[in-house]
file coords.cif (mmCIF, C-alpha atoms and all ligand atoms)
data_input
loop_
_atom_site.label_atom_id
_atom_site.label_comp_id
_atom_site.auth_asym_id
_atom_site.auth_seq_id
_atom_site.Cartn_x
_atom_site.Cartn_y
_atom_site.Cartn_z
CA MET A 1 70.73 -13.38 25.86
CA GLY A 2 73.69 -13.74 23.46
CA ARG A 3 71.65 -15.91 21.19
CA ILE A 4 68.83 -13.35 21.02
CA GLU A 5 71.27 -10.59 20.10
CA LEU A 6 72.79 -12.74 17.39
CA THR A 7 69.36 -13.56 16.00
CA ARG A 8 68.54 -9.88 15.86
CA ILE A 9 71.69 -9.03 13.98
CA LEU A 10 71.01 -11.83 11.53
CA PHE A 11 67.48 -10.52 11.00
CA PHE A 12 68.83 -7.06 10.42
CA LEU A 13 71.32 -8.26 7.82
CA LEU A 14 68.61 -10.32 6.20
CA ILE A 15 66.37 -7.27 5.93
CA ILE A 16 69.14 -5.19 4.35
CA ALA A 17 69.79 -7.97 1.88
CA LEU A 18 66.09 -8.37 1.10
CA ASN A 19 65.75 -4.62 0.73
CA ARG A 20 68.29 -4.70 -2.02
CA LEU A 21 66.86 -7.71 -3.76
CA MET A 22 63.12 -7.20 -3.47
CA PRO A 23 60.52 -4.66 -4.51
CA CYS A 24 59.19 -2.32 -1.87
CA TYR A 25 55.81 -3.93 -1.04
CA ALA A 26 57.40 -7.28 -0.19
CA PHE A 27 59.83 -5.60 2.12
CA GLU A 28 57.03 -3.97 4.12
CA ALA A 29 55.28 -7.25 4.74
CA ILE A 30 58.45 -8.86 5.99
CA SER A 31 59.28 -5.84 8.07
CA SER A 32 55.99 -6.01 9.97
CA VAL A 33 56.46 -9.73 10.63
CA VAL A 34 59.88 -8.93 12.01
CA SER A 35 58.58 -6.21 14.31
CA VAL A 36 55.91 -8.53 15.69
CA ILE A 37 58.59 -11.09 16.46
CA GLY A 38 60.69 -8.36 18.06
CA ALA A 39 57.89 -7.21 20.34
CA ALA A 40 57.18 -10.79 21.39
CA THR A 41 60.85 -11.26 22.24
CA VAL A 42 60.90 -8.14 24.39
CA SER A 43 57.80 -9.13 26.37
CA MET A 44 59.13 -12.66 26.88
CA VAL A 45 62.34 -11.24 28.28
CA ALA A 46 60.28 -9.03 30.63
CA LEU A 47 58.22 -12.01 31.79
CA GLY A 48 61.35 -14.02 32.39
CA TRP A 49 62.85 -11.20 34.39
CA ASN A 50 59.76 -10.94 36.60
CA ALA A 51 59.77 -14.67 37.24
CA ALA A 52 63.45 -14.60 38.10
CA LYS A 53 62.97 -11.61 40.38
CA CYS A 54 60.10 -13.27 42.28
CA ARG A 55 62.21 -16.34 42.79
CA MET A 56 64.72 -14.25 44.71
CA TYR A 57 62.72 -11.36 46.16
CA GLU A 58 59.41 -11.53 47.96
CA CYS A 59 56.41 -11.06 45.67
CA CYS A 60 52.70 -11.19 46.34
CA ASP A 61 52.28 -14.65 44.83
CA VAL A 62 51.98 -18.34 45.79
CA ARG A 63 55.72 -18.71 46.07
CA TRP A 64 55.78 -16.38 49.08
CA ILE A 65 52.26 -16.57 50.41
CA GLU A 66 51.11 -19.90 51.71
CA SER A 67 48.27 -21.31 53.78
CA ASN A 68 49.98 -24.02 55.76
CA PHE A 69 47.07 -25.21 57.90
CA THR A 70 48.92 -28.40 58.80
CA GLY A 71 51.82 -26.37 60.11
CA LEU A 72 49.54 -23.99 61.99
CA ASN A 73 47.58 -26.88 63.47
CA ASN A 74 50.83 -28.46 64.68
CA ASP A 75 52.18 -25.22 66.11
CA LEU A 76 48.98 -24.33 67.94
CA GLY A 77 48.70 -27.87 69.24
CA ASP A 78 52.32 -28.52 70.23
CA ARG A 79 53.76 -25.16 71.18
CA LEU A 80 50.89 -23.07 72.48
CA HIS A 81 50.13 -24.61 75.85
CA GLY A 82 46.77 -24.72 77.60
CA GLN A 83 44.77 -22.94 74.89
CA HIS A 84 42.38 -25.46 73.35
CA LEU A 85 39.84 -22.73 72.53
CA VAL A 86 42.40 -20.81 70.51
CA LYS A 87 43.33 -23.82 68.45
CA GLU A 88 39.70 -24.65 67.71
CA THR A 89 38.56 -21.16 66.79
CA VAL A 90 41.56 -19.65 65.04
CA LEU A 91 42.20 -22.51 62.64
CA LYS A 92 38.57 -22.81 61.61
CA THR A 93 38.18 -19.07 61.16
CA LEU A 94 41.32 -18.71 59.05
CA LYS A 95 40.40 -21.68 56.89
CA GLY A 96 36.98 -20.21 56.26
CA HIS A 97 38.42 -16.87 55.32
CA LEU A 98 41.24 -18.07 53.09
CA ARG A 99 39.40 -20.84 51.25
CA TYR A 100 36.82 -18.54 49.72
CA LYS A 101 38.10 -15.77 47.52
CA ASN A 102 34.89 -13.78 47.82
CA SER A 103 34.40 -13.47 51.53
CA GLY A 104 33.09 -9.92 51.08
CA LYS A 105 34.90 -8.72 54.19
CA ALA A 106 38.39 -8.64 55.62
CA LEU A 107 38.90 -10.97 58.59
CA VAL A 108 39.19 -9.36 62.04
CA MET A 109 40.11 -11.49 65.04
CA SER A 110 40.36 -10.02 68.53
CA PHE A 111 42.60 -11.92 70.99
CA HIS A 112 41.97 -11.43 74.70
CA GLY A 113 43.63 -12.70 77.83
CA TRP A 114 46.08 -12.22 80.65
CA THR A 115 49.74 -11.28 80.09
CA GLY A 116 51.84 -14.19 78.96
CA SER A 117 48.93 -16.37 77.94
CA GLY A 118 50.27 -16.57 74.38
CA LYS A 119 48.43 -13.95 72.31
CA ASN A 120 51.58 -12.68 70.67
CA TYR A 121 52.94 -16.18 70.30
CA ALA A 122 49.79 -17.33 68.51
CA SER A 123 49.78 -14.35 66.15
CA HIS A 124 53.41 -15.07 65.28
CA MET A 125 52.50 -18.66 64.50
CA ILE A 126 49.85 -17.40 62.12
CA ALA A 127 52.36 -15.13 60.36
CA GLU A 128 54.89 -17.97 60.09
CA ASN A 129 52.42 -20.36 58.51
CA LEU A 130 50.77 -17.89 56.14
CA TYR A 131 53.91 -16.23 54.78
CA LYS A 132 57.12 -17.86 53.71
CA ASN A 133 59.12 -15.05 55.34
CA GLY A 134 56.91 -15.17 58.43
CA LEU A 135 57.07 -12.09 60.62
CA LYS A 136 59.81 -10.68 58.40
CA SER A 137 57.54 -10.68 55.37
CA LYS A 138 56.91 -7.25 53.94
CA PHE A 139 53.24 -8.21 53.81
CA VAL A 140 53.06 -8.61 57.59
CA HIS A 141 52.61 -5.32 59.45
CA VAL A 142 52.97 -5.14 63.22
CA PHE A 143 51.86 -2.13 65.27
CA VAL A 144 52.50 -1.77 69.01
CA SER A 145 50.40 0.85 70.77
CA THR A 146 53.02 1.82 73.34
CA ARG A 147 55.48 2.44 70.53
CA ASP A 148 53.42 3.58 67.54
CA PHE A 149 50.44 5.32 69.15
CA MET A 150 51.85 6.87 72.30
CA PHE A 151 50.22 10.28 72.46
CA GLU A 152 46.57 10.89 73.27
CA ASP A 153 46.53 14.22 71.42
CA ARG A 154 47.63 12.82 68.07
CA VAL A 155 44.61 10.68 67.28
CA ASP A 156 43.85 12.39 63.95
CA GLN A 157 47.43 12.14 62.77
CA TYR A 158 47.62 8.47 63.76
CA LYS A 159 44.39 7.73 61.93
CA ALA A 160 45.53 9.43 58.74
CA ASP A 161 48.93 7.68 58.80
CA LEU A 162 47.37 4.33 59.51
CA GLN A 163 44.90 4.61 56.63
CA GLU A 164 47.66 5.60 54.26
CA ARG A 165 49.76 2.63 55.35
CA ILE A 166 46.92 0.18 54.96
CA GLN A 167 46.06 1.45 51.49
CA LYS A 168 49.68 1.20 50.43
CA ALA A 169 49.99 -2.28 51.88
CA ILE A 170 46.85 -3.57 50.16
CA LYS A 171 47.95 -2.06 46.88
CA GLU A 172 51.16 -4.04 47.16
CA CYS A 173 49.43 -7.22 48.31
CA PRO A 174 45.75 -7.78 49.09
CA ARG A 175 46.63 -10.79 51.28
CA SER A 176 48.33 -8.68 53.94
CA LEU A 177 48.38 -9.38 57.67
CA PHE A 178 48.07 -6.57 60.22
CA ILE A 179 48.79 -7.23 63.89
CA PHE A 180 47.87 -4.57 66.47
CA ASP A 181 49.45 -5.27 69.83
CA GLU A 182 48.27 -3.68 73.11
CA ILE A 183 45.01 -2.37 71.71
CA ASP A 184 43.91 -1.56 75.26
CA LYS A 185 46.71 1.02 75.46
CA MET A 186 45.78 2.68 72.17
CA PRO A 187 44.18 6.13 72.42
CA GLU A 188 40.43 5.92 71.93
CA GLY A 189 39.43 6.58 68.34
CA VAL A 190 42.57 5.44 66.52
CA ILE A 191 41.24 1.97 65.82
CA ASP A 192 38.29 3.46 63.94
CA ALA A 193 40.75 4.22 61.14
CA LEU A 194 40.33 0.55 60.22
CA LYS A 195 36.60 0.83 59.72
CA PRO A 196 36.45 1.55 55.96
CA PHE A 197 38.86 -1.32 55.27
CA ILE A 198 37.15 -3.98 57.38
CA ASP A 199 33.57 -3.09 56.54
CA HIS A 200 31.43 -5.28 54.27
CA ASN A 201 32.18 -4.90 50.55
CA PRO A 202 34.42 -1.85 50.75
CA SER A 203 34.35 0.02 47.46
CA PHE A 204 35.93 3.46 47.80
CA ASP A 205 38.66 2.58 45.32
CA ASP A 206 39.34 -0.42 43.10
CA LEU A 207 41.63 -2.29 45.51
CA ASP A 208 40.51 -5.57 47.09
CA TYR A 209 40.44 -5.00 50.84
CA THR A 210 38.52 -8.17 51.63
CA ARG A 211 41.42 -10.63 51.59
CA ALA A 212 43.40 -9.00 54.41
CA ILE A 213 43.61 -10.32 57.96
CA TYR A 214 43.63 -8.12 61.06
CA ILE A 215 44.55 -9.41 64.51
CA LEU A 216 43.92 -7.22 67.55
CA LEU A 217 45.61 -8.14 70.83
CA SER A 218 44.57 -6.88 74.25
CA ASN A 219 44.62 -7.78 77.93
CA THR A 220 41.04 -6.65 78.43
CA GLY A 221 38.73 -9.40 79.57
CA GLY A 222 41.68 -11.24 81.12
CA LYS A 223 40.30 -10.87 84.62
CA GLU A 224 36.84 -12.10 83.61
CA ILE A 225 38.22 -15.04 81.62
CA THR A 226 40.29 -16.00 84.64
CA LYS A 227 37.20 -15.89 86.84
CA VAL A 228 35.36 -18.28 84.53
CA ALA A 229 38.36 -20.64 84.41
CA PHE A 230 38.72 -20.49 88.19
CA GLU A 231 35.07 -21.31 88.83
CA PHE A 232 35.37 -24.20 86.42
CA TRP A 233 38.34 -25.49 88.37
CA LEU A 234 36.57 -25.05 91.71
CA GLU A 235 33.73 -27.20 90.42
CA GLY A 236 36.28 -29.89 89.67
CA LYS A 237 35.72 -29.74 85.92
CA ASP A 238 38.34 -30.37 83.27
CA ARG A 239 39.63 -27.13 81.80
CA ASN A 240 39.52 -28.63 78.31
CA GLU A 241 35.76 -28.94 78.67
CA LEU A 242 35.47 -25.17 78.81
CA SER A 243 33.76 -24.00 75.64
CA LEU A 244 33.19 -20.72 73.84
CA LYS A 245 29.64 -20.80 75.21
CA ASP A 246 31.04 -20.35 78.72
CA ILE A 247 32.87 -17.24 77.56
CA GLU A 248 30.06 -15.77 75.47
CA PRO A 249 28.36 -13.92 78.37
CA LEU A 250 31.58 -11.92 78.80
CA ILE A 251 31.52 -10.86 75.17
CA ASN A 252 27.89 -9.84 75.40
CA LYS A 253 28.59 -7.87 78.56
CA GLY A 254 31.29 -5.98 76.67
CA ALA A 255 34.01 -7.10 79.07
CA PHE A 256 36.50 -7.31 76.19
CA ASN A 257 36.01 -3.69 75.19
CA GLU A 258 35.87 -2.10 78.60
CA LYS A 259 38.79 0.29 78.20
CA GLY A 260 41.37 1.57 75.75
CA GLY A 261 41.35 1.26 71.99
CA LEU A 262 38.19 -0.75 71.49
CA SER A 263 35.90 1.01 73.92
CA LYS A 264 33.22 3.16 72.29
CA SER A 265 34.74 2.43 68.90
CA ASP A 266 32.74 2.30 65.72
CA ILE A 267 34.11 -1.09 64.81
CA ILE A 268 32.50 -2.53 67.94
CA GLN A 269 29.17 -0.77 67.42
CA LYS A 270 29.02 -2.04 63.88
CA ASN A 271 30.02 -5.61 64.79
CA LEU A 272 33.02 -5.57 62.49
CA ILE A 273 35.03 -7.92 64.68
CA ASP A 274 34.44 -11.40 63.31
CA ILE A 275 35.58 -13.37 66.31
CA TYR A 276 36.71 -12.88 69.92
CA VAL A 277 39.33 -15.42 70.92
CA PRO A 278 39.78 -15.97 74.68
CA PHE A 279 43.17 -17.01 76.06
CA LEU A 280 42.89 -18.85 79.36
CA PRO A 281 45.20 -18.16 82.32
CA LEU A 282 48.07 -20.64 82.46
CA GLU A 283 48.49 -23.13 85.28
CA LYS A 284 51.78 -24.35 86.67
CA LYS A 285 51.69 -27.45 84.49
CA HIS A 286 51.54 -25.27 81.36
CA VAL A 287 54.38 -23.08 82.58
CA THR A 288 56.39 -26.26 83.07
CA LEU A 289 55.83 -27.12 79.40
CA CYS A 290 56.99 -23.62 78.40
CA VAL A 291 60.19 -24.08 80.43
CA GLU A 292 60.86 -27.40 78.70
CA ASP A 293 60.30 -25.83 75.26
CA ASP A 294 62.59 -22.95 76.10
CA LEU A 295 65.39 -25.24 77.28
CA ARG A 296 65.07 -27.33 74.11
CA ASN A 297 65.12 -24.19 71.94
CA LYS A 298 68.37 -23.20 73.61
CA GLY A 299 69.90 -26.62 72.99
CA TYR A 300 69.54 -28.15 76.46
CA SER A 301 67.70 -31.30 77.35
CA PRO A 302 65.05 -30.39 79.91
CA LYS A 303 66.10 -31.66 83.33
CA ASP A 304 63.28 -32.04 85.77
CA PHE A 305 64.89 -30.18 88.68
CA ILE A 306 65.66 -27.15 86.51
CA VAL A 307 62.15 -27.13 85.10
CA GLN A 308 60.61 -27.30 88.57
CA GLN A 309 62.95 -24.63 89.86
CA VAL A 310 62.11 -22.14 87.10
CA ALA A 311 58.38 -22.82 87.37
CA GLY A 312 58.65 -22.47 91.14
CA GLN A 313 60.20 -19.00 90.87
CA LEU A 314 57.08 -17.51 89.30
CA GLU A 315 54.10 -16.14 91.18
CA TYR A 316 50.76 -17.89 91.26
CA TYR A 317 47.30 -16.81 92.30
CA PRO A 318 44.79 -16.89 93.90
CA SER A 319 47.31 -17.08 96.70
CA GLU A 320 45.52 -19.79 98.70
CA PHE A 321 45.37 -22.08 95.65
CA GLN A 322 48.56 -21.15 93.78
CA LEU A 323 46.79 -22.05 90.56
CA PHE A 324 47.47 -19.56 87.75
CA SER A 325 50.78 -17.94 86.86
CA THR A 326 50.47 -14.15 87.15
CA THR A 327 52.77 -13.66 84.17
CA GLY A 328 51.85 -16.79 82.22
CA CYS A 329 54.88 -17.97 80.29
CA LYS A 330 56.22 -14.47 79.79
CA ARG A 331 59.10 -14.51 82.29
CA VAL A 332 60.12 -18.06 81.50
CA SER A 333 62.81 -17.37 78.93
CA SER A 334 64.74 -14.85 81.03
CA LYS A 335 64.51 -17.08 84.12
CA VAL A 336 65.89 -19.98 82.10
CA ASN A 337 68.78 -17.79 80.95
CA LEU A 338 69.66 -17.01 84.56
CA MET A 339 69.66 -20.71 85.43
CA ILE A 340 71.86 -21.57 82.47
CA ASP A 341 74.31 -18.81 83.39
CA ASP A 342 74.47 -20.08 86.97
CA ASP A 343 75.37 -23.57 85.83
C1 LIG A 401 53.86 -26.86 56.58
O1 LIG A 401 54.28 -27.00 57.92
C2 LIG A 401 54.83 -28.26 58.22
C3 LIG A 401 55.06 -28.33 59.71
O2 LIG A 401 55.69 -27.17 60.20
C4 LIG A 401 56.09 -28.44 57.41
O3 LIG A 401 56.66 -29.70 57.69
C5 LIG A 401 55.76 -28.34 55.94
O4 LIG A 401 56.93 -28.40 55.18
C6 LIG A 401 55.03 -27.04 55.65
N1 LIG A 401 54.55 -27.07 54.29
C7 LIG A 401 54.87 -26.12 53.41
C8 LIG A 401 54.27 -26.26 52.07
O5 LIG A 401 55.63 -25.22 53.68
#
call {"tool": "encode", "arguments": {"input": "coords.cif", "output": "structure tokens"}}
result
Amino acid sequence: MGRIELTRILFFLLIIALNRLMPCYAFEAISSVVSVIGAATVSMVALGWNAAKCRMYECCDVRWIESNFTGLNNDLGDRLHGQHLVKETVLKTLKGHLRYKNSGKALVMSFHGWTGSGKNYASHMIAENLYKNGLKSKFVHVFVSTRDFMFEDRVDQYKADLQERIQKAIKECPRSLFIFDEIDKMPEGVIDALKPFIDHNPSFDDLDYTRAIYILLSNTGGKEITKVAFEFWLEGKDRNELSLKDIEPLINKGAFNEKGGLSKSDIIQKNLIDIYVPFLPLEKKHVTLCVEDDLRNKGYSPKDFIVQQVAGQLEYYPSEFQLFSTTGCKRVSSKVNLMIDDD
């Protein structure tokens, strides 16, 4: 900066000197050259400042927004247990959406399954691999129905607030991620606030709404998915052979939208949800893997007797088969803490 100041002073002195020595017309020519140089200097300083700022603070650019499909593939494969359908569908869908700039529509994925089957976990993995700051990114917006949309009689207020927030978010960064947790506990009607933003070719203002990603999480369909997985198991088939085709009848029957936020909503009627992602109920062997992960995360090497003990403390159903964990991997971390404290 010092050098720029010095240059300016020198220019100034030069102009004064020239003014004295030269006739008027020559001075004007030089003066306009000088002002062009001055303006260029100012805009270069501004550019430099922006670049420096975005190096330190989160901006809506490639430095802060990434598409780490390798990382996401690894996370979904190594850390999300027992969910081969999720890995297959989510990765492909995200790739398709992010590779093409002109998708014409925002991406909407609806995650369904029993408590603890990993819906939240998977959506966090997506945030971590699409944004450098992960869940803490200011371009990732998380809504929880039991916290943000508690009252049945405030639907209109919620809708207005939500639309304002989405518009503001997209203005700041078109590649924003919105996660709606516990959609089944959201008052009916609120979710329709999303409709204008997730519809095909939205054009009510000049913002680009088509690059955003919406993830809706709900427990609805969990019971039906479990039934399919259980029948599969009864027939002696490998769970990993279960395909989306086996789940499709549930989607067509509307089992995923039976109650709460999605039922009777416009976004369902208009087919604005791009993909339904089923999360299967977790078996004891998957819970065991969650216990091992949790111990490792807390700096312990997983000892078999501890792992078995924690997994054994959870409830399984149907009771005569003791097959699926009623709470998936949800209670694992707190159970592990108790064990560690006891030691
Ligand atoms: C993508 O994720 C992998 C695995 O987590 C990581 O090793 C790699 O550094 C990431 N790449 C980028 C560009 O952040």
call {"tool": "residues_near_point", "arguments": {"input": "coords.cif", "point": "(46.9, 3.8, 56.3)", "cutoff": "12 Å", "atoms": "only C-alpha atoms", "output": "PyMOL selection string"}}
result
chain A and resi 141+143+156-171+178+190-197
call {"tool": "closest_atom_pairs", "arguments": {"input": "coords.cif", "of": "region 73-189 of chain A", "to": "region 323-339 of chain A", "cutoff": "12 Å", "atoms": "all atoms listed in the file", "output": "tab-separated table"}}
result
residue	atom	partner	partner_atom	distance
A:Arg79	CA	A:Cys329	CA	11.7
A:Leu80	CA	A:Cys329	CA	10.1
A:His81	CA	A:Cys329	CA	9.3
A:Gly82	CA	A:Gly328	CA	10.5
A:Gln83	CA	A:Gly328	CA	11.9
A:Gly113	CA	A:Gly328	CA	10.2
A:Trp114	CA	A:Gly328	CA	7.5
A:Thr115	CA	A:Thr327	CA	5.6
A:Gly116	CA	A:Gly328	CA	4.2
A:Ser117	CA	A:Gly328	CA	5.2
A:Gly118	CA	A:Cys329	CA	7.6
A:Lys119	CA	A:Lys330	CA	10.8
A:Asn120	CA	A:Lys330	CA	10.4
A:Tyr121	CA	A:Lys330	CA	10.2
call {"tool": "write_last_selection", "arguments": {"input": "coords.cif", "atoms": "C-alpha atoms", "output": "PDB file, in the frame of the given file"}}
result
ATOM      1  CA  ARG A  79      53.760 -25.160  71.180  1.00  0.00           C
ATOM      2  CA  LEU A  80      50.890 -23.070  72.480  1.00  0.00           C
ATOM      3  CA  HIS A  81      50.130 -24.610  75.850  1.00  0.00           C
ATOM      4  CA  GLY A  82      46.770 -24.720  77.600  1.00  0.00           C
ATOM      5  CA  GLN A  83      44.770 -22.940  74.890  1.00  0.00           C
ATOM      6  CA  GLY A 113      43.630 -12.700  77.830  1.00  0.00           C
ATOM      7  CA  TRP A 114      46.080 -12.220  80.650  1.00  0.00           C
ATOM      8  CA  THR A 115      49.740 -11.280  80.090  1.00  0.00           C
ATOM      9  CA  GLY A 116      51.840 -14.190  78.960  1.00  0.00           C
ATOM     10  CA  SER A 117      48.930 -16.370  77.940  1.00  0.00           C
ATOM     11  CA  GLY A 118      50.270 -16.570  74.380  1.00  0.00           C
ATOM     12  CA  LYS A 119      48.430 -13.950  72.310  1.00  0.00           C
ATOM     13  CA  ASN A 120      51.580 -12.680  70.670  1.00  0.00           C
ATOM     14  CA  TYR A 121      52.940 -16.180  70.300  1.00  0.00           C
TER      15      TYR A 121
END
call {"tool": "closest_atom_pairs", "arguments": {"input": "coords.cif", "of": "chain A", "to": "ligand LIG 401 (chain A)", "cutoff": "10 Å", "atoms": "only C-alpha atoms and all ligand atoms", "output": "CSV"}}
result
residue,atom,partner,partner_atom,distance
A:Arg63,CA,A:LIG401,C8,9.8
A:Trp64,CA,A:LIG401,O5,10.0
A:Ile65,CA,A:LIG401,O5,9.8
A:Glu66,CA,A:LIG401,C8,7.1
A:Ser67,CA,A:LIG401,C8,8.0
A:Asn68,CA,A:LIG401,C1,4.9
A:Phe69,CA,A:LIG401,C1,7.1
A:Thr70,CA,A:LIG401,O1,5.6
A:Gly71,CA,A:LIG401,O1,3.4
A:Leu72,CA,A:LIG401,O1,6.9
A:Asn73,CA,A:LIG401,C3,8.5
A:Asn74,CA,A:LIG401,C3,6.5
A:Asp75,CA,A:LIG401,O2,7.1
A:Glu128,CA,A:LIG401,O2,9.2
A:Asn129,CA,A:LIG401,O1,6.9
A:Leu130,CA,A:LIG401,O5,9.1
A:Tyr131,CA,A:LIG401,O5,9.2
A:Lys132,CA,A:LIG401,O5,7.5
call {"tool": "atom_distance", "arguments": {"input": "coords.cif", "atom1": "CA of Arg239 (chain A)", "atom2": "CA of Leu91 (chain A)"}}
result
19.9 Å
call {"tool": "residues_around", "arguments": {"input": "coords.cif", "residues": "Asn257 (chain A)", "least_positions_apart": "3", "cutoff": "12 Å", "atoms": "only C-alpha atoms", "output": "PyMOL selection string"}}
result
chain A and resi 110-112+183-185+188+216-222+224+250-254+260-269+273+276
call {"tool": "closest_residue", "arguments": {"input": "coords.cif", "among": "A:Lys101, A:Arg147, A:Lys136, A:His200", "to": "Lys270 (chain A)", "atoms": "only C-alpha atoms"}}
result
A:His200
call {"tool": "atom_distance", "arguments": {"input": "coords.cif", "atom1": "CA of Val36 (chain A)", "atom2": "CA of Ala52 (chain A)"}}
result
24.4 Å
call {"tool": "closest_residue", "arguments": {"input": "coords.cif", "among": "A:Ile225, A:Met109, A:Ile198, A:Ala212", "to": "Phe180 (chain A)", "atoms": "all atoms listed in the file"}}
result
A:Met109
call {"tool": "build_atoms", "arguments": {"input": "coords.cif", "residues": "region 321-327 of chain A", "atoms": "all heavy atoms", "output": "tab-separated table (two decimals), in the coordinates of the input"}}
result
chain	number	residue	atom	x	y	z
A	321	PHE	N	45.39	-20.89	96.52
A	321	PHE	CA	45.37	-22.08	95.65
A	321	PHE	C	46.62	-22.22	94.78
A	321	PHE	O	46.90	-23.30	94.28
A	321	PHE	CB	44.14	-22.04	94.74
A	321	PHE	CG	42.85	-22.09	95.48
A	321	PHE	CD1	42.10	-20.94	95.68
A	321	PHE	CD2	42.39	-23.30	96.01
A	321	PHE	CE1	40.90	-21.00	96.38
A	321	PHE	CE2	41.19	-23.35	96.69
A	321	PHE	CZ	40.44	-22.19	96.89
A	322	GLN	N	47.34	-21.10	94.60
A	322	GLN	CA	48.56	-21.15	93.78
A	322	GLN	C	48.30	-21.81	92.42
A	322	GLN	O	49.03	-22.69	91.99
A	322	GLN	CB	49.66	-21.92	94.53
A	322	GLN	CG	50.13	-21.24	95.79
A	322	GLN	CD	51.03	-20.04	95.49
A	322	GLN	OE1	52.01	-20.14	94.77
A	322	GLN	NE2	50.65	-18.90	96.03
A	323	LEU	N	47.25	-21.35	91.77
A	323	LEU	CA	46.79	-22.05	90.56
A	323	LEU	C	47.35	-21.46	89.26
A	323	LEU	O	47.98	-22.16	88.47
A	323	LEU	CB	45.26	-22.02	90.53
A	323	LEU	CG	44.60	-22.76	89.39
A	323	LEU	CD1	44.95	-24.24	89.43
A	323	LEU	CD2	43.08	-22.56	89.45
A	324	PHE	N	47.10	-20.17	89.03
A	324	PHE	CA	47.47	-19.56	87.75
A	324	PHE	C	48.73	-18.70	87.87
A	324	PHE	O	48.88	-17.96	88.85
A	324	PHE	CB	46.33	-18.67	87.23
A	324	PHE	CG	45.03	-19.38	87.04
A	324	PHE	CD1	43.88	-18.93	87.68
A	324	PHE	CD2	44.95	-20.50	86.22
A	324	PHE	CE1	42.67	-19.58	87.50
A	324	PHE	CE2	43.74	-21.15	86.04
A	324	PHE	CZ	42.60	-20.70	86.69
A	325	SER	N	49.58	-18.78	86.87
A	325	SER	CA	50.78	-17.94	86.86
A	325	SER	C	50.39	-16.49	86.55
A	325	SER	O	49.67	-16.24	85.59
A	325	SER	CB	51.75	-18.45	85.79
A	325	SER	OG	52.65	-17.45	85.43
A	326	THR	N	50.86	-15.56	87.37
A	326	THR	CA	50.47	-14.15	87.15
A	326	THR	C	51.06	-13.60	85.85
A	326	THR	O	50.52	-12.65	85.29
A	326	THR	CB	50.96	-13.24	88.30
A	326	THR	OG1	52.34	-13.51	88.50
A	326	THR	CG2	50.19	-13.48	89.57
A	327	THR	N	52.16	-14.17	85.40
A	327	THR	CA	52.77	-13.66	84.17
A	327	THR	C	52.74	-14.71	83.05
A	327	THR	O	53.45	-14.57	82.05
A	327	THR	CB	54.24	-13.26	84.42
A	327	THR	OG1	54.88	-14.33	85.11
A	327	THR	CG2	54.32	-12.00	85.24
